[in-house]
Structures are given as structure tokens and as C-alpha cells.
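A.B. asks: The file below is input_15.cif, mmCIF, C-alpha atoms and all ligand atoms:
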data_final
#
loop_
_atom_site.label_atom_id
_atom_site.label_comp_id
_atom_site.auth_asym_id
_atom_site.auth_seq_id
_atom_site.Cartn_x
_atom_site.Cartn_y
_atom_site.Cartn_z
CA MET R 264 45.10 -2.63 120.82
CA MET R 265 45.09 -3.56 117.14
CA ASN R 266 41.94 -3.67 115.08
CA CYS R 267 41.37 -6.38 112.47
CA PHE R 268 42.81 -4.35 109.58
CA GLU R 269 45.99 -3.48 111.50
CA THR R 270 46.35 -7.06 112.61
CA ARG R 271 46.27 -8.38 109.07
CA GLN R 272 48.72 -5.72 107.94
CA GLU R 273 51.19 -7.23 110.40
CA PHE R 274 50.94 -10.80 109.14
CA VAL R 275 53.94 -10.53 106.83
CA SER R 276 56.15 -9.00 109.51
CA PHE R 277 55.04 -11.60 112.01
CA TRP R 278 55.69 -14.38 109.50
CA ARG R 279 59.23 -13.13 108.97
CA GLY R 280 59.94 -12.61 112.64
CA ALA R 281 60.21 -8.87 112.16
CA LEU R 282 57.79 -7.75 114.88
CA ASP R 283 59.06 -6.43 118.18
CA ARG R 284 57.99 -8.22 121.32
CA GLU R 285 55.14 -5.86 122.19
CA ARG R 286 53.53 -5.83 118.73
CA ARG R 287 53.90 -9.57 118.56
CA ARG R 288 52.10 -9.93 121.89
CA VAL R 289 49.29 -7.62 120.76
CA LEU R 290 48.92 -9.46 117.48
CA LEU R 291 48.76 -12.86 119.14
CA ALA R 292 46.21 -11.56 121.63
CA HIS R 293 44.06 -10.34 118.76
CA LEU R 294 44.30 -13.65 116.94
CA GLN R 295 43.34 -15.44 120.12
CA GLY R 296 40.18 -13.40 120.48
CA CYS R 297 39.15 -12.92 116.84
CA SER R 298 38.18 -16.03 114.94
CA LYS R 299 38.03 -14.17 111.61
CA CYS R 300 41.61 -12.93 111.85
CA ASP R 301 42.73 -16.29 113.18
CA ARG R 302 41.28 -17.95 110.07
CA ALA R 303 42.77 -15.25 107.87
CA PHE R 304 46.18 -15.95 109.38
CA ARG R 305 45.89 -19.69 108.78
CA THR R 306 44.94 -19.00 105.19
CA PHE R 307 47.88 -16.62 104.96
CA ALA R 308 50.18 -19.33 106.34
CA LEU R 309 49.22 -21.66 103.50
CA THR R 310 50.16 -19.16 100.81
CA ALA R 311 53.04 -17.40 102.57
CA PRO R 312 55.76 -19.91 101.61
CA MET R 313 55.09 -18.89 98.02
CA LEU R 314 54.06 -15.25 98.38
CA HIS R 315 56.32 -14.25 101.26
CA PRO R 316 59.31 -16.55 101.45
CA LYS R 317 61.38 -15.78 104.51
CA GLY R 318 64.52 -13.83 103.92
CA GLU R 319 62.92 -11.28 101.61
CA ALA R 320 62.55 -7.69 102.67
CA VAL R 321 59.28 -7.05 104.49
CA ALA R 322 58.65 -4.07 102.23
CA ALA R 323 58.27 -6.50 99.35
CA SER R 324 54.84 -7.55 100.60
CA GLY R 325 52.39 -7.25 97.74
CA ASP R 326 49.36 -8.42 99.67
CA ALA R 327 47.91 -5.09 100.64
CA ALA R 328 47.03 -3.49 97.33
CA PRO R 329 47.99 -3.50 93.66
CA GLN R 330 50.12 -0.40 94.12
CA ALA R 331 52.48 -2.31 96.35
CA VAL R 332 53.68 -4.73 93.71
CA SER R 333 56.66 -2.87 92.31
CA ARG R 334 59.82 -4.19 93.87
CA GLY R 335 62.26 -1.73 92.44
CA MET R 336 64.33 -4.48 90.87
CA PRO R 337 67.00 -3.53 88.36
CA GLN R 338 65.38 -2.70 85.07
CA ASP R 339 67.33 -4.93 82.73
CA LEU R 340 64.44 -5.22 80.30
CA PRO R 341 63.20 -2.53 77.98
CA GLN R 342 59.47 -1.92 77.81
CA ASP R 343 59.11 -3.49 74.41
CA LEU R 344 61.06 -6.68 74.16
CA PRO R 345 61.23 -7.64 70.51
CA ILE R 346 60.11 -11.17 71.22
CA GLY R 347 57.87 -11.21 68.20
CA MET R 348 60.88 -10.74 66.00
CA SER R 349 62.81 -13.46 67.71
CA MET R 350 59.99 -15.96 67.59
CA SER R 351 59.06 -15.37 64.00
CA GLY R 352 62.63 -16.02 62.96
CA ALA R 353 62.62 -19.61 64.16
CA ARG R 354 62.71 -21.34 60.81
CA ARG R 355 63.08 -25.01 60.19
CA ALA R 356 66.62 -24.92 58.92
CA ASP R 357 67.66 -22.78 61.85
CA ALA R 358 65.95 -25.12 64.27
CA THR R 359 67.69 -28.15 62.85
CA ARG R 360 71.01 -26.39 63.04
CA ALA R 361 70.31 -25.17 66.58
CA ALA R 362 69.38 -28.65 67.68
CA GLU R 363 72.61 -30.01 66.23
CA ILE R 364 74.69 -27.36 67.99
CA LEU R 365 72.90 -27.92 71.27
CA ARG R 366 73.29 -31.66 71.02
CA ARG R 367 77.00 -31.31 70.43
CA ALA R 368 77.21 -28.97 73.39
CA SER R 369 75.28 -31.56 75.45
CA VAL R 370 72.83 -28.87 76.48
CA CYS R 371 69.74 -30.74 75.42
CA ARG R 372 68.89 -34.34 74.84
CA LEU R 373 66.76 -34.46 71.76
CA GLU R 374 65.85 -38.13 71.37
CA PRO R 375 63.01 -38.45 73.91
CA ARG R 376 61.43 -35.23 72.73
CA ARG R 377 61.30 -36.55 69.21
CA ARG R 378 59.27 -39.53 70.32
CA VAL R 379 56.92 -37.37 72.36
CA ARG R 380 56.35 -35.15 69.38
CA GLN R 381 55.66 -38.09 67.14
CA TRP R 382 53.02 -39.33 69.54
CA ARG R 383 51.54 -35.86 69.83
CA GLU R 384 51.44 -35.49 66.08
CA LEU R 385 49.83 -38.90 65.75
CA ALA R 386 47.25 -37.95 68.40
CA ALA R 387 46.62 -34.65 66.62
CA GLY R 388 46.14 -36.51 63.36
CA VAL R 389 43.66 -38.90 64.95
CA SER R 390 41.81 -35.96 66.49
CA ALA R 391 41.63 -34.24 63.14
CA VAL R 392 40.13 -37.34 61.53
CA ALA R 393 37.67 -37.67 64.41
CA ALA R 394 36.75 -34.01 64.07
CA ALA R 395 36.17 -34.40 60.35
CA ALA R 396 33.94 -37.40 61.04
CA LEU R 397 31.99 -35.40 63.62
CA VAL R 398 31.53 -32.52 61.20
CA ALA R 399 30.25 -34.88 58.56
CA TYR R 400 27.94 -36.60 61.02
CA PHE R 401 26.47 -33.54 62.68
CA SER R 402 26.10 -31.58 59.48
CA VAL R 403 23.58 -34.24 58.49
CA ALA R 404 22.19 -35.47 61.80
CA ALA R 405 22.03 -32.47 64.10
CA PRO R 406 21.67 -28.68 64.15
CA PRO R 407 24.92 -26.63 64.15
CA GLN R 408 24.77 -25.65 67.81
CA SER R 409 25.01 -29.31 68.83
CA PHE R 410 28.21 -29.62 66.91
CA ASP R 411 29.59 -26.56 68.69
CA GLU R 412 28.93 -28.18 72.01
CA VAL R 413 30.71 -31.29 70.92
CA VAL R 414 33.82 -29.60 69.56
CA THR R 415 34.27 -27.26 72.50
CA SER R 416 34.38 -30.24 74.83
CA SER R 417 37.28 -31.75 72.89
CA ASP R 418 40.75 -30.80 74.09
CA SER R 419 42.42 -31.31 70.77
CA ILE R 420 40.04 -29.16 68.83
CA SER R 421 39.34 -26.51 71.41
CA GLU R 422 42.98 -25.43 71.24
CA THR R 423 41.97 -23.31 68.30
CA VAL R 424 39.35 -21.48 70.38
CA PRO R 425 40.77 -18.17 71.62
CA LEU R 426 41.74 -18.41 75.26
CA PRO R 427 41.68 -15.60 77.78
CA GLY R 428 44.75 -13.40 77.47
CA THR R 429 45.43 -13.93 73.78
CA ASP R 430 46.68 -10.36 73.54
CA PHE R 431 49.87 -11.80 74.93
CA LEU R 432 52.69 -10.30 72.86
CA GLY R 433 50.18 -9.76 70.13
CA GLN R 434 51.32 -12.97 68.50
CA ARG R 435 51.78 -16.65 69.10
CA ILE R 436 54.94 -18.59 69.42
CA PRO R 437 55.54 -20.30 66.10
CA SER R 438 54.31 -23.81 65.68
CA ILE R 439 56.71 -25.99 67.60
CA PRO R 440 55.74 -29.33 66.06
CA ALA R 441 57.10 -28.00 62.76
CA VAL R 442 60.44 -27.46 64.44
CA SER R 443 60.50 -30.87 65.98
CA SER R 444 59.59 -32.69 62.82
CA ASP R 445 62.86 -31.42 61.48
CA LEU R 446 64.70 -32.74 64.46
CA ALA R 447 63.30 -36.14 63.68
CA GLY R 448 64.98 -36.05 60.31
CA MET S 58 80.26 -14.38 72.36
CA VAL S 59 76.79 -13.12 71.43
CA ALA S 60 78.38 -11.39 68.49
CA GLY S 61 80.00 -14.66 67.52
CA ALA S 62 76.66 -16.44 67.68
CA LEU S 63 75.07 -13.66 65.65
CA GLY S 64 77.82 -14.09 63.13
CA GLY S 65 76.81 -17.71 62.73
CA GLU S 66 79.53 -19.35 64.79
CA PRO S 67 78.08 -22.60 66.13
CA ALA S 68 80.69 -22.80 68.89
CA ALA S 69 79.70 -19.39 70.17
CA PHE S 70 76.02 -20.33 70.33
CA ALA S 71 76.86 -23.63 72.00
CA GLU S 72 78.89 -21.76 74.59
CA LEU S 73 76.05 -19.32 75.19
CA ALA S 74 73.61 -22.19 75.61
CA THR S 75 75.89 -23.96 78.05
CA ARG S 76 76.37 -20.81 80.04
CA HIS S 77 72.66 -19.97 80.28
CA ARG S 78 71.22 -23.46 80.52
CA ALA S 79 70.91 -23.60 84.31
CA ARG S 80 69.20 -20.24 84.48
CA VAL S 81 66.73 -21.12 81.76
CA GLU S 82 65.93 -24.43 83.46
CA ARG S 83 65.42 -22.66 86.77
CA ILE S 84 62.85 -20.37 85.16
CA CYS S 85 61.01 -23.35 83.68
CA GLN S 86 61.10 -25.09 87.07
CA ARG S 87 59.07 -22.27 88.52
CA PHE S 88 56.22 -23.29 86.26
CA PHE S 89 56.65 -27.04 86.03
CA SER S 90 57.94 -29.64 88.44
CA ASP S 91 58.36 -32.42 85.90
CA THR S 92 62.05 -32.74 85.02
CA GLU S 93 61.42 -33.90 81.46
CA GLN S 94 59.06 -31.03 80.86
CA VAL S 95 61.60 -28.56 82.19
CA ARG S 96 64.32 -29.92 79.92
CA ASP S 97 62.02 -29.87 76.93
CA LEU S 98 61.07 -26.26 77.54
CA ALA S 99 64.70 -25.26 78.05
CA GLN S 100 65.56 -26.97 74.83
CA GLU S 101 62.78 -25.18 73.00
CA THR S 102 63.96 -21.90 74.45
CA PHE S 103 67.39 -22.32 72.89
CA ILE S 104 65.97 -23.50 69.60
CA HIS S 105 63.72 -20.46 69.43
CA ALA S 106 66.58 -18.22 70.48
CA TYR S 107 68.78 -19.59 67.73
CA GLY S 108 66.03 -19.08 65.18
CA GLY S 109 65.52 -15.54 66.37
CA LEU S 110 69.14 -14.45 66.74
CA LYS S 111 68.82 -12.13 63.77
CA GLY S 112 66.10 -10.25 65.64
CA TYR S 113 68.13 -9.94 68.81
CA ARG S 114 69.05 -6.40 69.80
CA ALA S 115 72.36 -6.02 71.53
CA GLU S 116 71.11 -3.41 74.01
CA ILE S 117 69.10 -6.12 75.77
CA PRO S 118 71.12 -8.45 77.98
CA PHE S 119 71.18 -11.83 76.30
CA GLY S 120 70.09 -13.55 79.52
CA ALA S 121 67.04 -11.30 79.82
CA TRP S 122 66.15 -12.00 76.21
CA LEU S 123 66.42 -15.75 76.80
CA ARG S 124 64.37 -15.43 79.97
CA ALA S 125 61.59 -13.72 78.05
CA ILE S 126 61.55 -16.51 75.49
CA ALA S 127 61.48 -19.17 78.22
CA ILE S 128 58.62 -17.40 80.01
CA ASN S 129 56.67 -17.16 76.78
CA LEU S 130 57.07 -20.86 76.14
CA CYS S 131 56.12 -21.78 79.71
CA TYR S 132 53.02 -19.61 79.54
CA ASP S 133 52.09 -21.16 76.24
CA GLU S 134 52.45 -24.61 77.78
CA LEU S 135 50.32 -23.61 80.78
CA ARG S 136 47.58 -22.46 78.47
CA ARG S 137 47.89 -25.59 76.37
CA ARG S 138 47.22 -27.74 79.41
CA ARG S 139 44.08 -25.79 80.21
CA ARG S 140 43.56 -27.26 83.62
CA ARG S 141 40.10 -26.52 84.94
CA PRO S 142 40.42 -23.19 86.73
CA GLU S 143 40.51 -23.20 90.48
CA GLU S 144 39.88 -26.84 91.04
CA LEU S 145 40.84 -27.84 94.54
CA VAL S 146 44.12 -29.56 95.18
CA ALA S 147 43.22 -33.22 95.45
CA ASP S 148 46.49 -35.10 95.50
CA PHE S 149 48.02 -34.47 98.90
CA SER S 150 50.97 -36.47 100.06
CA ALA S 151 50.91 -37.64 103.67
CA ALA S 152 53.32 -34.86 104.62
CA GLU S 153 51.16 -32.24 102.91
CA ALA S 154 48.01 -33.55 104.56
CA ASN S 155 49.88 -33.33 107.83
CA TRP S 156 50.77 -29.71 107.11
CA VAL S 157 47.11 -28.92 106.42
CA GLY S 158 46.29 -30.58 109.74
CA LEU S 159 48.80 -28.35 111.49
CA ILE S 160 47.41 -25.28 109.76
CA ASN S 161 44.09 -26.06 111.37
CA THR S 162 45.32 -26.97 114.83
CA ALA S 163 48.67 -25.36 115.68
CA THR S 164 49.07 -21.95 117.29
CA PRO S 165 50.18 -19.07 115.02
CA GLU S 166 53.66 -19.18 116.56
CA GLU S 167 53.96 -22.89 115.99
CA LEU S 168 52.93 -22.40 112.39
CA VAL S 169 55.59 -19.82 111.73
CA GLU S 170 58.22 -22.13 113.15
CA ALA S 171 56.95 -25.25 111.44
CA ALA S 172 56.72 -23.62 108.01
CA GLU S 173 60.43 -22.91 108.13
CA GLU S 174 61.33 -26.55 108.61
CA ARG S 175 58.78 -28.15 106.36
CA ARG S 176 59.43 -28.43 102.68
CA GLU S 177 55.83 -29.53 102.19
CA ALA S 178 54.66 -26.05 103.19
CA LYS S 179 56.26 -24.69 100.02
CA VAL S 180 55.16 -27.67 97.95
CA LEU S 181 51.56 -27.21 99.04
CA ALA S 182 51.69 -23.48 98.34
CA ASP S 183 52.96 -24.33 94.85
CA LYS S 184 50.13 -26.81 94.41
CA LEU S 185 47.63 -24.14 95.33
CA LEU S 186 49.25 -21.89 92.77
CA ALA S 187 48.95 -24.63 90.17
CA THR S 188 45.16 -24.59 90.52
CA LEU S 189 44.94 -21.00 89.28
CA ARG S 190 44.32 -19.82 85.76
CA PRO S 191 47.45 -19.68 83.57
CA GLU S 192 47.62 -15.88 83.57
CA ASP S 193 47.31 -15.82 87.38
CA ARG S 194 50.03 -18.41 87.73
CA LEU S 195 52.20 -16.50 85.31
CA VAL S 196 52.00 -13.19 87.09
CA LEU S 197 52.44 -14.59 90.61
CA THR S 198 55.33 -16.78 89.53
CA LEU S 199 57.10 -13.89 87.85
CA GLN S 200 56.49 -11.54 90.76
CA ASN S 201 57.23 -13.85 93.63
CA GLY S 202 59.52 -16.43 92.09
CA GLU S 203 61.54 -14.43 89.60
CA GLU S 204 61.02 -11.22 91.58
CA LEU S 205 60.29 -9.21 88.47
CA SER S 206 58.82 -5.74 88.72
CA VAL S 207 55.50 -4.79 87.19
CA SER S 208 57.20 -3.01 84.31
CA GLU S 209 59.46 -5.99 83.66
CA ILE S 210 56.50 -8.35 83.56
CA ALA S 211 54.60 -5.96 81.33
CA GLY S 212 57.57 -5.83 78.96
CA ILE S 213 57.89 -9.59 78.78
CA VAL S 214 54.26 -10.60 78.39
CA GLY S 215 53.08 -7.58 76.43
CA TRP S 216 50.44 -6.45 78.90
CA SER S 217 49.99 -2.92 80.17
CA GLU S 218 51.38 -2.24 83.64
CA ALA S 219 47.83 -1.63 84.84
CA LYS S 220 46.81 -5.05 83.60
CA VAL S 221 49.75 -6.68 85.36
CA LYS S 222 48.81 -4.97 88.64
CA ILE S 223 45.16 -5.88 88.40
CA ARG S 224 45.96 -9.44 87.38
CA ALA S 225 48.41 -9.81 90.27
CA PHE S 226 45.85 -8.49 92.73
CA ARG S 227 43.18 -10.85 91.46
CA ALA S 228 45.63 -13.74 91.38
CA ARG S 229 46.43 -13.24 95.06
CA GLN S 230 42.75 -13.14 95.85
CA ALA S 231 42.22 -16.35 93.90
CA LEU S 232 45.13 -17.99 95.70
CA ARG S 233 43.72 -16.99 99.06
CA ARG S 234 40.31 -18.33 98.09
CA GLN S 235 41.91 -21.64 97.28
CA ALA S 236 43.84 -21.70 100.55
CA ALA S 237 40.76 -20.76 102.55
CA ARG S 238 39.08 -23.92 101.34
CA LEU S 239 41.62 -25.90 103.32
CA VAL S 240 41.11 -23.95 106.52
CA GLY S 241 38.23 -25.03 108.72
CA PRO S 242 36.48 -22.94 111.32
CA ARG S 243 38.35 -22.62 114.56
CA LYS S 244 37.46 -25.11 117.22
CA ALA S 245 34.93 -23.82 119.70
CA GLU S 246 36.06 -20.47 121.06
CA ASN S 247 35.72 -21.60 124.63
CA GLU S 248 37.53 -24.85 124.19
ZN ZN A 1 40.25 -9.47 113.90
#
Re-express the file's structure as C-alpha cells.
C.D. replies:
Amino acid sequence: MMNCFETRQEFVSFWRGALDRERRRVLLAHLQGCSKCDRAFRTFALTAPMLHPKGEAVAASGDAAPQAVSRGMPQDLPQDLPIGMSMSGARRADATRAAEILRRASVCRLEPRRRVRQWRELAAGVSAVAAAALVAYFSVAAPPQSFDEVVTSSDSISETVPLPGTDFLGQRIPSIPAVSSDLAG
Amino acid sequence: MVAGALGGEPAAFAELATRHRARVERICQRFFSDTEQVRDLAQETFIHAYGGLKGYRAEIPFGAWLRAIAINLCYDELRRRRRRPEELVADFSAAEANWVGLINTATPEELVEAAEERREAKVLADKLLATLRPEDRLVLTLQNGEELSVSEIAGIVGWSEAKVKIRAFRARQALRRQAARLVGPRKAENE
């Protein structure tokens, strides 16, 4: 007889058809009689196509605990990828040249992107004007905290507010609109 | 070929881009379903790579280096969108709604079988993933989609391995919480 913990430990194997007949029978009997595990299995079934696609090794299950996440994949990356260096080197002239090379190689189609950028830049410009107007208005008409509430509810402005996880690489990817404005020329 | 690109040969860089394009697009597809978005991000990946060629170190496989750039850009885009965290999936297709119905009514064995045949099972799982915070999406996508190890993820995103593990654990919990919202209580036990 399996208890609830053991039953849930077997979900991945059951999902992948890796249980022998007897364990499968015991698991199904438990699910039949335990509404909590039955619900847990249905929840599992919703996420399993993403977390446990069939065809992977059962040992790859990372559901049990954080320690189980390492898959032992080939280590083709060093611990400290020099992404910062690569990103900071993306200068305008380089970007224009890269775009030209890529276009010739038919790797990327640049025209639609250019239009999207132009619209984004226009929208950003409008937002900036609106923000300036708000600053002017609230600096006269309302206390500073009201202005804070207003700006943090605006998508365009709140992009400058630090988001969770900003320690990512210790730097930001360089401003991409600057790259694209070159492509437009 | 990488050496050629480093030496400023446009043809060599073009060849590299052609060779790696599909792989880069596949990475972007793990984060975004929109074809235009995927192409844009792939394009940006190559533009950034070209700009950063001087900083490229030959001991890193070029594909892995490109992958790291693509992942960075995808993560940046996820954060830019700033979808409200953990909002419930609202836009079900008929097939997806049908799958949710099955989840709540079929036997466990039927579910295992049905999931194999139904593309919507994967689509719905991806939609659930899309409701998570960007860092949760990032870590689950890299672990389960790209099958990267903790140390690989740590190397790419600049987190400690401990942070990757904790984030992955919490991300799975968040994903399960989202899924649980679609699962109703079992019909009366004695039914
Ligand atoms: Zn139980």
C-alpha cells in the first residue's frame, strides 16, 4: 500500500508509462480512494506536458526538491560567460553593418522591424511629453506622493523602475532602439 | 569561420548567422509564440553578436555564446512586457477548454493517454507558464525546454546556482498553483 507521499513520487513514472503493472495498480487504487492525491494528479497532468514531456528520462524529474534539478547535461558553458563584454560592444556602426550583412544573407528581414521601432519611438516620445506635463501639473497641484502613484501606474515610465531580478548579468542589454534607428537610415 | 568573422569578413559572419539562425529562433520560440516577435529577437541576437564579436572568447562554443545572447534578449523582452504576475489564463480555445474538462472528468489512465495525442495539452501548459513572473518563466523554460543544468543557467543569467535552484523550485510551485485553479474538487466520492 502506498501512502500519499509515495503516490505523488510515482506521478512522473506513471505519466511516462514507466511503472510496472503492480505499482500502477496500487497507485490507481490510491488515487481512487484519496481525493487529495487525485486532485494533485490532475494538477500534475496540466503541467506535465511542459515539465515532464514524455520521452525524457524519468530521473530528470525536478518536481521533488531543488536538489534534483541538475540534469548532468554537457557543460559547454563556462561559469562566467562574458556577455557583458559582448553586449557593450554593440555600437551603432557595427549594428548597421551587421544588419546589412544579415539582410544580404537573408537571415533577417529588417523592414517591418524598422516600422515597429518607429512607432515605439513615437509612443515613447508621446509618453515622455505626457510625463513632463504630469510632473509640471502635480508639482503645482498635488503633493509628491500623488505623482509617484501616477507615474508607477504608467507602463512607459515605470520601465525605469527597477524590476525584480535586476542583478541579471550585472548589466543591461544596450539600448536597442539606438541600434534600430541606424537601421532606418 | 568564427575567426573569419572576428577578422571582419562579412561573408564569414553571414555564414555563421545562416548556420545558427534556426537554433536561435528555436530558443526564442520557447519564450514567445508570435512569429514576428521570434524573428525580431533572432535578428537582434545576431546584431548584438556582431557588435560584440571583439569580446567573444574562442574557448566558448559560438553557438553557446549566441544562445546566451538570445536568452538575455528574450528575458529582457519578458520583463519589458511586465504581464501582471500569476493572472489566470483567460483565453482558452475550444480545444483547450475541452482538455480542462477532461482533466476534471477523465480517469488518470485516460488522461495519460489523451495528453499524448492532444497538442492542446502542451499549449495549455505553455499558457500556464506564461502567467508566471519573468524570472520563473525563464528558469523553467531553460530547465525544461532547453534542458540546461543549474550551472549552465547560472552562467548564462548571472545568478548563483543556489538562486537558480530556489527560483526553479518556487517557479514549479507557482505553476502548480496556477494549474490547481483549473482543477475542481472531485465529484462526490460515492458517485
Ligand atoms: Zn493520497
A.B. asks: Produce as a ChimeraX atom specification the set of residues near ligand ZN 1 (chain A), where near means within 12 Å with only C-alpha atoms and all ligand atoms considered.
C.D. replies: /R:264-274,289-304
A.B. asks: Please check which residues have atoms at most 10 Å from (46.2, -20.4, 103.1) in the file's coordinates, counting only C-alpha atoms, and write them as a PyMOL selection string.
C.D. replies: (chain R and resi 302-312) or (chain S and resi 157+160+181-182+185+232-240)
A.B. asks: Between S:Phe88, S:Tyr132, S:Tyr113, S:Phe149, which residue has the minimum interatomic distance to chain R, considering all atoms listed in the file?
C.D. replies: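 Once distances to chain R are computed over all atoms listed in the file, the minimum belongs to S:Tyr113.
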A.B. asks: What does the structure give for the distance between atom CA of S:Glu166 and atom CA of S:Gln230, in Å to one decimal?
C.D. replies: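 Rounded to one decimal, the two atoms are 24.2 Å apart.
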A.B. asks: Record the distance separating atom CA of S:Trp122 and atom CA of S:Leu189, expressed in Å with one decimal.
C.D. replies: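 It comes out at 26.5 Å.
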A.B. asks: Find the residues near S:Gln94: any atom within 10 Å, counting all atoms listed in the file, skip ones fewer than 4 places away on the same chain, and give them as a list in words.
C.D. replies: Arg376 of chain R; Glu82, Cys85, Gln86, Phe88, Phe89, Ser90, Leu98, Ala99, Gln100, Cys131 and Glu134 of chain S
A.B. asks: If we count all atoms listed in the file, what is near S:Gly61 at a cut-off of 12 Å, once residues fewer than 6 positions away on the same chain are taken out, given as a PDB file with C-alpha atoms, in the coordinates of the input?
C.D. replies:
ATOM      1  CA  PRO S  67      78.080 -22.600  66.130  1.00  0.00           C
ATOM      2  CA  ALA S  68      80.690 -22.800  68.890  1.00  0.00           C
ATOM      3  CA  ALA S  69      79.700 -19.390  70.170  1.00  0.00           C
ATOM      4  CA  PHE S  70      76.020 -20.330  70.330  1.00  0.00           C
ATOM      5  CA  ALA S  71      76.860 -23.630  72.000  1.00  0.00           C
ATOM      6  CA  GLU S  72      78.890 -21.760  74.590  1.00  0.00           C
ATOM      7  CA  LEU S  73      76.050 -19.320  75.190  1.00  0.00           C
ATOM      8  CA  LEU S 110      69.140 -14.450  66.740  1.00  0.00           C
TER       9      LEU S 110
END
A.B. asks: When you draw a straight line from atom CA of S:Gly215 to atom CA of R:His315, how long is it in Å?
C.D. replies: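 Calculated distance between atom CA of S:Gly215 and atom CA of R:His315 is 25.9 Å.
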A.B. asks: What's the 9 Å shell around S:Ile210, counting all atoms listed in the file, without same-chain residues fewer than 6 positions away, as a ChimeraX atom specification?
C.D. replies: /S:196,199-200,216,218,221
A.B. asks: Output C-alpha atoms of each residue in that selection to a file, as a PDB file, in the frame of the given file.
C.D. replies:
ATOM      1  CA  VAL S 196      52.000 -13.190  87.090  1.00  0.00           C
ATOM      2  CA  LEU S 199      57.100 -13.890  87.850  1.00  0.00           C
ATOM      3  CA  GLN S 200      56.490 -11.540  90.760  1.00  0.00           C
ATOM      4  CA  TRP S 216      50.440  -6.450  78.900  1.00  0.00           C
ATOM      5  CA  GLU S 218      51.380  -2.240  83.640  1.00  0.00           C
ATOM      6  CA  VAL S 221      49.750  -6.680  85.360  1.00  0.00           C
TER       7      VAL S 221
END
A.B. asks: With only C-alpha atoms as the atoms that count, which of R:Arg288, R:Leu282, R:Leu314, R:Val275 lies nearest to chain S?
C.D. replies: R:Leu314
